[in-house]
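Undergrad: Got a file for you: work37.txt, compact mmCIF, C-alpha atoms.
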```txt
# COMPACT_ATOMS: atom_id res chain seq x y z
CA MET A 1 8.38 -50.65 -36.57
CA VAL A 2 10.15 -47.31 -36.06
CA GLY A 3 8.33 -45.89 -39.10
CA VAL A 4 4.97 -46.98 -37.71
CA LEU A 5 5.69 -45.28 -34.35
CA LYS A 6 6.64 -42.07 -36.17
CA GLN A 7 3.36 -42.08 -38.08
CA VAL A 8 1.38 -42.65 -34.85
CA ARG A 9 3.16 -39.77 -33.12
CA GLU A 10 2.62 -37.42 -36.06
CA GLY A 11 -1.04 -38.41 -36.15
CA ASP A 12 -1.44 -37.71 -32.42
CA ARG A 13 0.28 -34.36 -32.86
CA ARG A 14 -2.06 -33.38 -35.71
CA ILE A 15 -5.11 -34.39 -33.67
CA HIS A 16 -3.84 -32.36 -30.68
CA PHE A 17 -3.26 -29.23 -32.78
CA GLN A 18 -6.64 -29.61 -34.51
CA SER A 19 -8.49 -29.88 -31.18
CA LEU A 20 -6.54 -26.92 -29.79
CA GLU A 21 -7.36 -24.86 -32.88
CA LEU A 22 -11.04 -25.82 -32.54
CA GLU A 23 -11.08 -24.69 -28.87
CA ILE A 24 -9.52 -21.36 -29.81
CA MET A 25 -12.03 -20.80 -32.64
CA GLU A 26 -14.94 -21.67 -30.33
CA SER A 27 -13.73 -19.26 -27.65
CA ILE A 28 -13.42 -16.50 -30.26
CA GLU A 29 -16.80 -17.10 -31.84
CA GLN A 30 -18.77 -17.84 -28.65
CA SER A 31 -20.54 -14.93 -27.00
CA ILE A 32 -19.85 -14.16 -23.36
CA ILE A 33 -23.58 -14.38 -22.66
CA PRO A 34 -25.59 -15.83 -25.56
CA GLY A 35 -28.19 -13.37 -26.85
CA LEU A 36 -26.42 -10.26 -25.48
CA PRO A 37 -23.89 -8.05 -27.24
CA ASP A 38 -20.43 -8.64 -25.77
CA ASP A 39 -20.04 -5.05 -24.56
CA LEU A 40 -23.29 -5.30 -22.57
CA ALA A 41 -22.40 -8.79 -21.27
CA PHE A 42 -18.96 -7.46 -20.27
CA ARG A 43 -20.59 -4.68 -18.28
CA CYS A 44 -23.07 -7.05 -16.58
CA LEU A 45 -20.35 -9.41 -15.37
CA ALA A 46 -18.06 -6.55 -14.33
CA LYS A 47 -20.78 -5.14 -12.09
CA LEU A 48 -20.91 -8.36 -10.05
CA SER A 49 -19.03 -8.07 -6.76
CA HIS A 50 -16.00 -10.18 -5.80
CA GLY A 51 -18.02 -12.65 -3.71
CA TYR A 52 -19.60 -14.03 -6.90
CA HIS A 53 -16.36 -14.55 -8.82
CA GLY A 54 -15.87 -18.11 -7.60
CA ALA A 55 -19.31 -19.06 -8.92
CA LEU A 56 -18.66 -17.27 -12.23
CA GLU A 57 -15.44 -19.21 -12.76
CA CYS A 58 -17.35 -22.50 -12.37
CA VAL A 59 -19.72 -21.74 -15.26
CA SER A 60 -17.23 -22.45 -18.03
CA ARG A 61 -13.57 -22.24 -18.96
CA GLY A 62 -14.34 -19.13 -21.00
CA TRP A 63 -15.93 -17.34 -18.04
CA ARG A 64 -13.06 -18.41 -15.77
CA ASP A 65 -10.47 -16.99 -18.16
CA PHE A 66 -12.59 -13.88 -18.62
CA VAL A 67 -12.92 -13.15 -14.87
CA ARG A 68 -9.18 -13.70 -14.39
CA SER A 69 -8.16 -11.60 -17.39
CA ALA A 70 -6.38 -8.24 -17.25
CA ASP A 71 -9.13 -6.73 -19.41
CA TYR A 72 -11.73 -7.59 -16.76
CA SER A 73 -9.76 -6.14 -13.83
CA CYS A 74 -8.81 -3.02 -15.81
CA TYR A 75 -12.41 -2.43 -16.84
CA LYS A 76 -13.61 -2.68 -13.22
CA ALA A 77 -10.81 -0.38 -12.05
CA ARG A 78 -11.54 2.16 -14.78
CA ASN A 79 -15.16 2.37 -13.63
CA GLY A 80 -14.32 2.23 -9.92
CA TRP A 81 -16.37 -0.95 -9.37
CA SER A 82 -14.36 -2.33 -6.47
CA GLY A 83 -17.39 -3.49 -4.51
CA SER A 84 -17.50 -3.51 -0.72
CA TRP A 85 -14.89 -5.50 1.20
CA LEU A 86 -14.31 -6.39 4.83
CA PHE A 87 -10.69 -7.51 5.23
CA VAL A 88 -9.84 -9.61 8.30
CA LEU A 89 -6.71 -11.29 9.64
CA THR A 90 -7.18 -13.76 12.52
CA GLU A 91 -4.90 -15.72 14.81
CA ARG A 92 -5.85 -19.01 13.13
CA SER A 93 -5.34 -17.95 9.51
CA LYS A 94 -1.50 -18.15 9.55
CA ASN A 95 -0.90 -14.69 8.08
CA GLN A 96 -3.50 -15.16 5.34
CA TRP A 97 -6.16 -12.47 5.09
CA VAL A 98 -9.79 -13.29 4.33
CA ALA A 99 -12.41 -11.00 2.81
CA TYR A 100 -16.18 -10.68 3.13
CA ASP A 101 -18.57 -9.48 0.44
CA PRO A 102 -21.80 -8.20 2.06
CA GLU A 103 -23.64 -8.23 -1.26
CA ALA A 104 -22.98 -11.95 -1.84
CA ASP A 105 -22.79 -12.80 1.91
CA ARG A 106 -19.63 -14.78 1.24
CA TRP A 107 -16.13 -15.03 2.65
CA HIS A 108 -13.08 -16.01 0.63
CA PRO A 109 -9.31 -16.10 1.28
CA LEU A 110 -6.94 -13.59 -0.28
CA PRO A 111 -3.66 -14.67 -1.88
CA ARG A 112 -0.88 -15.02 0.66
CA THR A 113 1.56 -12.16 1.06
CA ARG A 114 5.23 -12.88 0.48
CA SER A 115 6.40 -10.62 3.29
CA VAL A 116 5.85 -13.08 6.16
CA GLN A 117 8.17 -16.08 6.51
CA ASP A 118 6.85 -19.46 7.54
CA GLY A 119 7.00 -19.86 11.30
CA TRP A 120 6.75 -16.09 11.89
CA HIS A 121 3.73 -13.97 12.72
CA HIS A 122 2.98 -10.33 11.95
CA SER A 123 1.66 -8.02 14.66
CA GLY A 124 1.63 -4.36 15.67
CA PHE A 125 0.88 -3.28 12.10
CA ALA A 126 -1.74 -0.83 10.88
CA CYS A 127 -4.27 -1.61 8.17
CA VAL A 128 -6.17 1.07 6.27
CA CYS A 129 -8.11 1.34 3.00
CA VAL A 130 -7.51 4.29 0.68
CA SER A 131 -7.76 4.83 -3.10
CA SER A 132 -9.65 1.54 -3.47
CA CYS A 133 -6.85 -0.60 -2.05
CA LEU A 134 -5.82 -2.20 1.25
CA LEU A 135 -2.56 -1.13 2.88
CA VAL A 136 -0.84 -3.20 5.59
CA ILE A 137 1.76 -0.92 7.14
CA GLY A 138 4.78 -1.56 9.36
CA GLY A 139 4.53 -3.68 12.49
CA CYS A 140 6.93 -6.37 13.64
CA TYR A 141 7.68 -9.93 12.62
CA ALA A 142 8.28 -12.37 15.45
CA PRO A 143 9.04 -16.10 15.27
CA SER A 144 6.92 -18.63 17.04
CA VAL A 145 8.47 -19.71 20.33
CA SER A 146 8.97 -23.29 19.21
CA SER A 147 10.61 -22.42 15.88
CA PHE A 148 13.18 -19.74 16.75
CA PRO A 149 13.24 -19.26 20.54
CA HIS A 150 16.25 -16.88 20.56
CA GLN A 151 15.37 -14.72 17.55
CA LYS A 152 14.24 -11.19 18.45
CA PRO A 153 11.25 -9.53 16.74
CA VAL A 154 12.05 -7.43 13.67
CA VAL A 155 10.35 -4.02 13.39
CA THR A 156 9.65 -3.11 9.75
CA LYS A 157 8.85 -0.06 7.66
CA ASP A 158 7.48 -2.14 4.78
CA VAL A 159 4.06 -1.46 3.26
CA MET A 160 2.05 -4.17 1.49
CA ARG A 161 -0.65 -3.05 -0.93
CA PHE A 162 -3.55 -5.29 -2.01
CA ASP A 163 -5.26 -4.43 -5.30
CA PRO A 164 -8.92 -5.61 -5.15
CA PHE A 165 -9.24 -5.44 -8.94
CA LYS A 166 -6.20 -7.58 -9.79
CA LYS A 167 -6.53 -9.53 -6.51
CA GLU A 168 -2.81 -9.39 -5.88
CA TRP A 169 -0.32 -8.02 -3.34
CA ARG A 170 2.70 -5.86 -4.09
CA LEU A 171 5.22 -3.85 -2.10
CA ALA A 172 4.46 -0.13 -1.93
CA ALA A 173 6.88 2.60 -0.91
CA SER A 174 8.25 2.03 2.59
CA MET A 175 7.78 4.37 5.53
CA ARG A 176 10.76 6.53 6.44
CA THR A 177 10.81 5.15 10.01
CA PRO A 178 10.24 1.53 11.07
CA ARG A 179 7.49 1.44 13.68
CA THR A 180 5.12 -0.93 15.44
CA HIS A 181 2.00 -0.32 17.58
CA PHE A 182 1.52 3.14 16.11
CA ALA A 183 -1.37 5.46 15.20
CA CYS A 184 -2.64 5.35 11.63
CA THR A 185 -5.68 6.61 9.73
CA ALA A 186 -6.78 7.97 6.36
CA VAL A 187 -7.74 11.63 6.04
CA ALA A 188 -8.87 13.14 2.72
CA GLY A 189 -7.37 10.34 0.62
CA LYS A 190 -3.96 10.26 2.33
CA VAL A 191 -2.59 8.00 5.06
CA TYR A 192 -1.17 9.50 8.27
CA VAL A 193 1.02 7.61 10.76
CA ALA A 194 2.57 8.77 14.03
CA GLY A 195 4.14 7.43 17.19
CA GLY A 196 4.73 3.79 18.00
CA ARG A 197 8.04 2.23 18.96
CA ASN A 198 11.06 0.49 17.46
CA VAL A 199 14.50 -0.72 18.52
CA THR A 200 15.92 2.79 18.96
CA HIS A 201 12.74 4.36 20.40
CA SER A 202 11.46 1.90 22.98
CA ARG A 203 9.62 4.63 24.92
CA GLY A 204 7.77 6.13 21.98
CA ILE A 205 8.41 7.77 18.61
CA PRO A 206 7.69 11.51 18.19
CA SER A 207 7.86 11.52 14.38
CA ALA A 208 4.93 11.42 11.95
CA GLU A 209 4.57 10.77 8.21
CA VAL A 210 1.98 11.05 5.45
CA TYR A 211 1.56 8.74 2.46
CA ASP A 212 0.20 9.74 -0.93
CA PRO A 213 -1.21 6.55 -2.53
CA VAL A 214 -1.39 8.12 -5.99
CA ALA A 215 2.27 9.17 -6.03
CA ASP A 216 3.31 6.15 -3.88
CA ARG A 217 5.43 8.44 -1.72
CA TRP A 218 5.94 9.15 2.01
CA GLU A 219 6.77 12.59 3.41
CA GLU A 220 7.84 13.69 6.88
CA LEU A 221 5.41 15.72 8.98
CA PRO A 222 6.17 17.98 11.95
CA ALA A 223 6.95 15.90 15.03
CA MET A 224 4.38 15.50 17.78
CA PRO A 225 4.79 17.58 20.96
CA ARG A 226 5.35 14.36 22.93
CA PRO A 227 6.40 10.86 21.87
CA GLN A 228 3.59 8.31 21.82
CA MET A 229 3.76 4.53 21.95
CA ASP A 230 1.07 1.84 21.77
CA CYS A 231 -1.29 4.44 20.33
CA SER A 232 -4.20 4.37 17.87
CA GLY A 233 -5.32 6.73 15.14
CA LEU A 234 -8.69 8.27 14.41
CA SER A 235 -9.94 10.46 11.56
CA TYR A 236 -12.46 12.89 12.97
CA ARG A 237 -13.69 16.20 11.52
CA GLY A 238 -10.88 16.31 8.97
CA CYS A 239 -8.07 15.87 11.52
CA PHE A 240 -5.73 13.07 12.56
CA HIS A 241 -6.22 12.19 16.25
CA VAL A 242 -3.48 10.23 18.01
CA LEU A 243 -4.93 8.51 21.07
CA SER A 244 -2.55 7.17 23.68
CA ASP A 245 -3.12 3.79 25.30
CA GLN A 246 -4.06 5.62 28.51
CA VAL A 247 -6.92 7.63 27.00
CA GLY A 248 -10.14 6.85 28.83
CA PHE A 249 -8.53 7.01 32.27
CA ALA A 250 -9.14 10.00 34.53
CA GLU A 251 -5.47 10.99 34.66
CA GLN A 252 -4.96 10.91 30.88
CA ASN A 253 -7.71 12.66 28.92
CA THR A 254 -5.63 14.39 26.25
CA SER A 255 -4.90 13.42 22.67
CA GLU A 256 -2.54 14.85 20.04
CA VAL A 257 -4.37 16.21 17.00
CA PHE A 258 -2.80 17.02 13.62
CA ASN A 259 -4.54 19.46 11.28
CA PRO A 260 -3.53 18.74 7.64
CA VAL A 261 -4.67 22.21 6.52
CA ASP A 262 -2.22 24.24 8.61
CA MET A 263 0.23 21.32 9.12
CA SER A 264 0.33 21.74 12.90
CA TRP A 265 -0.19 19.70 16.08
CA SER A 266 -2.27 20.59 19.10
CA THR A 267 -3.01 18.88 22.40
CA VAL A 268 -6.74 18.50 22.96
CA GLU A 269 -8.51 17.82 26.25
CA ASP A 270 -11.07 15.12 25.59
CA ILE A 271 -12.60 11.89 26.85
CA TRP A 272 -12.48 8.88 24.52
CA PRO A 273 -13.79 5.83 26.43
CA PHE A 274 -11.84 3.24 24.47
CA SER A 275 -10.51 0.09 26.03
CA ARG A 276 -6.80 -0.54 25.66
CA ALA A 277 -7.58 -4.24 25.26
CA MET A 278 -9.24 -3.68 21.88
CA GLN A 279 -7.30 -2.64 18.80
CA PHE A 280 -10.37 -1.74 16.76
CA ALA A 281 -12.63 -0.22 19.35
CA VAL A 282 -13.72 2.89 17.45
CA GLN A 283 -15.42 3.42 14.11
CA VAL A 284 -16.27 6.72 12.42
CA MET A 285 -19.24 6.50 10.07
CA LYS A 286 -20.98 9.02 7.83
CA ASN A 287 -21.50 12.55 9.16
CA ASP A 288 -18.74 11.97 11.74
CA ARG A 289 -20.88 9.55 13.76
CA VAL A 290 -18.47 7.83 16.18
CA TYR A 291 -19.16 4.42 17.73
CA THR A 292 -17.06 2.54 20.24
CA ILE A 293 -17.21 -0.65 22.29
CA VAL A 294 -16.38 -0.28 25.96
CA ASP A 295 -15.58 -3.75 27.25
CA TRP A 296 -14.63 -3.07 30.86
CA GLY A 297 -16.79 -5.84 32.29
CA GLU A 298 -19.56 -5.46 29.71
CA SER A 299 -19.51 -4.95 25.95
CA LEU A 300 -21.43 -1.69 25.68
CA ILE A 301 -21.70 0.19 22.41
CA LYS A 302 -21.55 3.95 22.85
CA THR A 303 -21.90 6.84 20.44
CA ARG A 304 -20.76 10.42 20.69
CA ASP A 305 -23.02 13.43 20.35
CA THR A 306 -21.25 15.39 17.61
CA ASP A 307 -22.28 18.79 18.96
CA GLU A 308 -22.19 18.28 22.72
CA GLY A 309 -19.32 15.79 22.83
CA GLU A 310 -21.10 13.58 25.38
CA TRP A 311 -21.26 9.79 25.09
CA TYR A 312 -24.35 7.66 25.59
CA ASN A 313 -25.20 3.96 25.31
CA VAL A 314 -26.96 2.59 22.25
CA GLY A 315 -26.90 -1.10 23.19
CA SER A 316 -24.52 -3.98 23.82
CA VAL A 317 -22.84 -6.82 21.97
CA PRO A 318 -24.94 -9.98 22.42
CA SER A 319 -23.60 -12.97 24.29
CA VAL A 320 -22.49 -16.12 22.47
CA VAL A 321 -24.57 -19.30 22.62
CA LEU A 322 -22.68 -22.52 21.91
CA PRO A 323 -24.36 -25.80 20.90
CA ASN A 324 -24.92 -28.17 23.81
CA HIS A 325 -23.84 -25.59 26.36
CA PRO A 326 -26.43 -24.26 28.81
CA ARG A 327 -25.01 -20.81 29.52
CA GLU A 328 -24.52 -17.67 27.46
CA LEU A 329 -20.86 -16.67 27.16
CA GLU A 330 -19.12 -13.31 26.78
CA ALA A 331 -16.70 -13.08 23.87
CA PHE A 332 -13.36 -11.26 23.92
CA GLY A 333 -10.63 -10.54 21.36
CA TYR A 334 -13.14 -9.74 18.62
CA GLY A 335 -12.84 -7.15 15.87
CA PHE A 336 -15.06 -4.10 15.36
CA ALA A 337 -15.68 -2.57 11.93
CA ALA A 338 -18.14 -0.38 10.05
CA LEU A 339 -19.33 -1.17 6.53
CA ARG A 340 -22.25 0.20 4.51
CA ASP A 341 -23.90 1.95 7.50
CA GLU A 342 -23.68 -1.15 9.69
CA LEU A 343 -21.46 -2.23 12.58
CA TYR A 344 -19.69 -5.61 12.52
CA VAL A 345 -18.47 -7.61 15.52
CA ILE A 346 -16.11 -10.23 14.13
CA GLY A 347 -14.76 -13.47 15.59
CA GLY A 348 -13.19 -13.53 19.03
CA LYS A 349 -12.99 -16.24 21.68
CA VAL A 350 -15.00 -17.51 24.63
CA LEU A 351 -14.10 -19.55 27.71
CA LYS A 352 -16.26 -22.66 27.87
CA TRP A 353 -16.25 -23.73 31.50
CA GLU A 354 -16.88 -27.32 32.51
CA GLU A 355 -20.21 -27.82 34.26
CA SER A 356 -18.59 -30.04 36.89
CA GLY A 357 -17.32 -26.96 38.69
CA ALA A 358 -13.72 -28.24 38.63
CA GLY A 359 -12.45 -24.90 37.30
CA ARG A 360 -11.38 -26.29 33.92
CA PHE A 361 -12.32 -24.64 30.66
CA ASP A 362 -11.77 -24.83 26.91
CA ILE A 363 -10.93 -21.83 24.72
CA VAL A 364 -13.35 -21.78 21.79
CA ARG A 365 -12.25 -19.72 18.79
CA LEU A 366 -15.21 -18.20 17.00
CA PRO A 367 -15.72 -17.71 13.25
CA VAL A 368 -19.08 -15.99 13.90
CA VAL A 369 -19.81 -12.49 12.54
CA ARG A 370 -22.61 -10.33 13.96
CA VAL A 371 -24.04 -7.21 12.34
CA CYS A 372 -26.43 -4.40 13.32
CA ASN A 373 -27.61 -1.02 12.13
CA PRO A 374 -26.65 1.39 14.96
CA LEU A 375 -29.57 3.70 14.13
CA ASP A 376 -32.12 1.00 14.97
CA ARG A 377 -33.37 1.02 18.55
CA PRO A 378 -33.12 -1.40 20.17
CA LEU A 379 -30.17 -2.84 18.26
CA ASN A 380 -31.29 -5.71 16.06
CA TRP A 381 -28.36 -8.11 15.62
CA ARG A 382 -28.14 -10.72 12.89
CA GLU A 383 -25.44 -13.20 11.88
CA THR A 384 -23.77 -13.26 8.47
CA LYS A 385 -22.03 -16.25 6.99
CA PRO A 386 -19.21 -17.29 9.36
CA MET A 387 -15.62 -16.69 8.31
CA CYS A 388 -14.16 -19.27 5.97
CA ILE A 389 -11.79 -21.95 7.26
CA PRO A 390 -9.25 -21.62 8.81
CA ALA A 391 -10.06 -18.06 9.96
CA GLY A 392 -11.37 -17.59 13.50
CA GLY A 393 -10.49 -16.56 17.02
CA SER A 394 -8.80 -13.30 18.02
CA ILE A 395 -8.72 -10.61 15.36
CA ILE A 396 -5.25 -9.29 14.51
CA GLY A 397 -6.39 -6.83 11.84
CA CYS A 398 -9.67 -5.75 10.25
CA VAL A 399 -10.68 -2.86 8.01
CA SER A 400 -13.42 -2.14 5.48
CA LEU A 401 -13.38 -0.79 1.92
CA GLU A 402 -16.48 0.74 0.35
CA GLU A 403 -17.03 1.41 -3.32
CA PRO A 404 -17.00 5.19 -3.96
```
When written as structure tokens, how does the structure in this file appear?
TA:
Amino acid sequence: MVGVLKQVREGDRRIHFQSLELEIMESIEQSIIPGLPDDLAFRCLAKLSHGYHGALECVSRGWRDFVRSADYSCYKARNGWSGSWLFVLTERSKNQWVAYDPEADRWHPLPRTRSVQDGWHHSGFACVCVSSCLLVIGGCYAPSVSSFPHQKPVVTKDVMRFDPFKKEWRLAASMRTPRTHFACTAVAGKVYVAGGRNVTHSRGIPSAEVYDPVADRWEELPAMPRPQMDCSGLSYRGCFHVLSDQVGFAEQNTSEVFNPVDMSWSTVEDIWPFSRAMQFAVQVMKNDRVYTIVDWGESLIKTRDTDEGEWYNVGSVPSVVLPNHPRELEAFGYGFAALRDELYVIGGKVLKWEESGAGRFDIVRLPVVRVCNPLDRPLNWRETKPMCIPAGGSIIGCVSLEEP
């Protein structure tokens, strides 16, 4: 009986190895796309943007392995075929970023980062795209109230880097100073940060740094004339503008400006009508065209005359219409981004009041995404595919990446 079992096992093993060998031979001999030379088929599939990769992987096991291979990602990176990405982090996504492909009109989740512990949330960070990658910089990690009620937030200097070709996260070089709620932007292929706050600088940080993504190295810059906290960054006319959270008010119309050419700071008198309630309220598009949303009572979109410096209205963000609800509702907590000459208004929340007049309401978290071309008059808004589950609600971070 033992001898019979041995023979059966050896027979099964031979059959398994024969079938495995046959699969390998078929994968070697089979063309990527029948009728096309492999080099041309390789190029055709590599030109497809990331929103189509899920569909490609469903065609066959060979295509799935091909799209996930190092050869595929290296070939795309070598040719600079990153595609266009809109990266978004929302309150509902539990520290998992999602990405939108405007060419495929599809959303898909990114792999989870390893930097955020379960039960903690990441806020006060900066996100910026440079050298065809996404950087998530600094910020603070705070536990949820129910999980660790006595644990204080931790301010970090860590930098997470997402590679759109390999579709993976890794740790990049850390900032020299931990900071949260600081100014950050990309100017001429480098990342500039300044201001913010941390445990030892609760009233503002005067220091500034610059990151070289090619060398993966941070360097100190001259300190700002005055410490800044809860500030935002803007790249405009080749300079790094640090806008305080008070800019837009009559008593505070100055901003600190760093010129990378002569490595010096200056204080500039200006009027930037940005709301402090919005983290992403300004976008700079081609030819230094600046657009902002002013949401003090109404969501107006304004643009700046590059020569005169004056602001004027170009339209407004449309109200939200919910199914089976009679009234139009104003959204809040949404993100604002620019991608491929269009403006995006992403997610947010609305208060859905009961019609009984009892003063009760529900908070509805929106996955909706609205897009317009700011050069069209009047603004012609359209909706893209909504964000994928579970993304939705208030936007914690959003930034766009365009293929060079």
Undergrad: List as JSON lines every residue of range 219-264 of chain A that is in contact with range 183-201 of chain A, defined as an atom at most 10 Å from one of its atoms (using all atoms listed in the file), together with the nearest atom pair and the distance in Å rounded to one decimal, sorted by chain and then rising number.
TA:
```
{"residue": "A:Glu219", "atom": "CA", "partner": "A:Tyr192", "partner_atom": "CA", "distance": 9.8}
{"residue": "A:Glu220", "atom": "CA", "partner": "A:Val193", "partner_atom": "CA", "distance": 9.9}
{"residue": "A:Leu221", "atom": "CA", "partner": "A:Ala194", "partner_atom": "CA", "distance": 9.0}
{"residue": "A:Ala223", "atom": "CA", "partner": "A:Ala194", "partner_atom": "CA", "distance": 8.4}
{"residue": "A:Met224", "atom": "CA", "partner": "A:Ala194", "partner_atom": "CA", "distance": 7.9}
{"residue": "A:Arg226", "atom": "CA", "partner": "A:Gly195", "partner_atom": "CA", "distance": 9.1}
{"residue": "A:Pro227", "atom": "CA", "partner": "A:Gly195", "partner_atom": "CA", "distance": 6.2}
{"residue": "A:Gln228", "atom": "CA", "partner": "A:Gly195", "partner_atom": "CA", "distance": 4.7}
{"residue": "A:Met229", "atom": "CA", "partner": "A:Gly196", "partner_atom": "CA", "distance": 4.1}
{"residue": "A:Asp230", "atom": "CA", "partner": "A:Gly196", "partner_atom": "CA", "distance": 5.6}
{"residue": "A:Cys231", "atom": "CA", "partner": "A:Ala183", "partner_atom": "CA", "distance": 5.2}
{"residue": "A:Ser232", "atom": "CA", "partner": "A:Ala183", "partner_atom": "CA", "distance": 4.0}
{"residue": "A:Gly233", "atom": "CA", "partner": "A:Ala183", "partner_atom": "CA", "distance": 4.1}
{"residue": "A:Leu234", "atom": "CA", "partner": "A:Thr185", "partner_atom": "CA", "distance": 5.8}
{"residue": "A:Ser235", "atom": "CA", "partner": "A:Thr185", "partner_atom": "CA", "distance": 6.0}
{"residue": "A:Tyr236", "atom": "CA", "partner": "A:Val187", "partner_atom": "CA", "distance": 8.5}
{"residue": "A:Arg237", "atom": "CA", "partner": "A:Val187", "partner_atom": "CA", "distance": 9.3}
{"residue": "A:Gly238", "atom": "CA", "partner": "A:Val187", "partner_atom": "CA", "distance": 6.4}
{"residue": "A:Cys239", "atom": "CA", "partner": "A:Val187", "partner_atom": "CA", "distance": 6.9}
{"residue": "A:Phe240", "atom": "CA", "partner": "A:Val187", "partner_atom": "CA", "distance": 7.0}
{"residue": "A:His241", "atom": "CA", "partner": "A:Ala183", "partner_atom": "CA", "distance": 8.4}
{"residue": "A:Val242", "atom": "CA", "partner": "A:Ala183", "partner_atom": "CA", "distance": 5.9}
{"residue": "A:Leu243", "atom": "CA", "partner": "A:Ala183", "partner_atom": "CA", "distance": 7.5}
{"residue": "A:Ser244", "atom": "CA", "partner": "A:Ala183", "partner_atom": "CA", "distance": 8.7}
{"residue": "A:Glu256", "atom": "CA", "partner": "A:Ala194", "partner_atom": "CA", "distance": 10.0}
{"residue": "A:Phe258", "atom": "CA", "partner": "A:Tyr192", "partner_atom": "CA", "distance": 9.4}
{"residue": "A:Asn259", "atom": "CA", "partner": "A:Val187", "partner_atom": "CA", "distance": 10.0}
{"residue": "A:Pro260", "atom": "CA", "partner": "A:Val187", "partner_atom": "CA", "distance": 8.4}
```
Undergrad: Quick one: residues within 9 Å of Val136 in chain A, all atoms listed in the file counted, chain neighbours fewer than 5 positions away excluded, as a short mmCIF file (atom, residue, chain, number, x, y, z; two decimals) with C-alpha atoms, in the coordinates of the input?
TA:
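File written: result_21.cif
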```
data_model
loop_
_atom_site.label_atom_id
_atom_site.label_comp_id
_atom_site.auth_asym_id
_atom_site.auth_seq_id
_atom_site.Cartn_x
_atom_site.Cartn_y
_atom_site.Cartn_z
CA PHE A 125 0.88 -3.28 12.10
CA ALA A 126 -1.74 -0.83 10.88
CA CYS A 127 -4.27 -1.61 8.17
CA VAL A 128 -6.17 1.07 6.27
CA CYS A 129 -8.11 1.34 3.00
CA ASP A 158 7.48 -2.14 4.78
CA VAL A 159 4.06 -1.46 3.26
CA MET A 160 2.05 -4.17 1.49
CA ARG A 161 -0.65 -3.05 -0.93
CA PHE A 162 -3.55 -5.29 -2.01
#
```
Undergrad: So, counting only C-alpha atoms, which residue among A:Gly315, A:Gly138, A:Pro111, A:Gly397 is closest to Ile301 in chain A?
TA: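 That would be A:Gly315, the residue with the smallest distance to Ile301 in chain A.
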Undergrad: Would you kindly return, as a VMD selection string, each protein, DNA or RNA residue with an atom no farther than 9 Å from any atom of Val364 in chain A, considering only C-alpha atoms and excluding same-chain residues fewer than 5 positions away?
TA: chain A and resid 348 to 352 393
Undergrad: When you draw a straight line from CA of Gly335 in chain A to CA of Ile395 in chain A, how long is it in Å?
TA: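 Between these atoms lies a distance of 5.4 Å.
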Undergrad: When you look at Val317 in chain A with a cut-off of 10 Å (counting only C-alpha atoms), what residues show up, excluding the ones that are within fewer than 5 positions of it in the same chain? I need them as a ChimeraX atom specification.
TA: /A:293,295,298-301,330-331,345,370-372,379,381
Undergrad: So the first atom is CA of Val257 in chain A and the second is CA of Phe182 in chain A; what is the distance between them in Å, to one decimal place?
TA: 14.4 Å
Undergrad: What's the 12 Å shell around Trp63 in chain A, counting all atoms listed in the file, without same-chain residues fewer than 4 positions away, as an MDAnalysis selection string?
TA: chainID A and resid 27 30:33 41:42 45:46 53:59 67:69 72
Undergrad: Do you have the CA of Ser132 in chain A-CA of Gly80 in chain A distance handy?
TA: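 Pair CA of Ser132 in chain A / CA of Gly80 in chain A returns 8.0 Å.
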Undergrad: Within 7 Å of Pro109 in chain A, counting all atoms listed in the file, which residues show up once you throw out same-chain ones fewer than 5 positions away? Write them as a PyMOL selection string, please.
TA: chain A and resi 97-99
Undergrad: Is it possible to get the residues within 8 Å of (-14.4, 2.2, 14.9) (coordinates as in the file, counting all atoms listed in the file) written as a list of chain:residue names?
TA: A:Phe280, A:Ala281, A:Val282, A:Gln283, A:Val284, A:Val290, A:Tyr291, A:Thr292, A:Phe336, A:Ala337, A:Ala338
Undergrad: Atoms to include: C-alpha atoms. Write the selected residues as a JSON list (two decimals), in the coordinates of the input.
TA:
```
[["chain", "number", "residue", "atom", "x", "y", "z"],
["A", 280, "PHE", "CA", -10.37, -1.74, 16.76],
["A", 281, "ALA", "CA", -12.63, -0.22, 19.35],
["A", 282, "VAL", "CA", -13.72, 2.89, 17.45],
["A", 283, "GLN", "CA", -15.42, 3.42, 14.11],
["A", 284, "VAL", "CA", -16.27, 6.72, 12.42],
["A", 290, "VAL", "CA", -18.47, 7.83, 16.18],
["A", 291, "TYR", "CA", -19.16, 4.42, 17.73],
["A", 292, "THR", "CA", -17.06, 2.54, 20.24],
["A", 336, "PHE", "CA", -15.06, -4.10, 15.36],
["A", 337, "ALA", "CA", -15.68, -2.57, 11.93],
["A", 338, "ALA", "CA", -18.14, -0.38, 10.05]]
```
Undergrad: Scan for residues within 9 Å of the point (12.9, 0.2, 7.4) in the coordinates of the file, using all atoms listed in the file, and reply as JSON, numbers by chain.
TA: {"A": [138, 155, 156, 157, 158, 174, 175, 176, 177, 178, 179]}
Undergrad: Measuring between all atoms listed in the file, which one of A:Glu354, A:Trp81, A:Val320, A:Asn287 shows the shortest distance to Pro367 in chain A?
TA: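 Counting all atoms listed in the file, the residue closest to Pro367 in chain A is A:Val320.
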Undergrad: Which residue gives the smallest distance to Thr384 in chain A among A:Trp169, A:Phe87, A:Tyr100, A:Tyr75, with all atoms listed in the file counted?
TA: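 Using all atoms listed in the file, the shortest distance to Thr384 in chain A belongs to A:Tyr100.
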Undergrad: Using all atoms listed in the file, find the one residue out of A:Gly35, A:Gly392, A:Gly204, A:Gly51 that sits nearest to His108 in chain A.
TA: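 Among the listed residues, the smallest separation from His108 in chain A belongs to A:Gly51.
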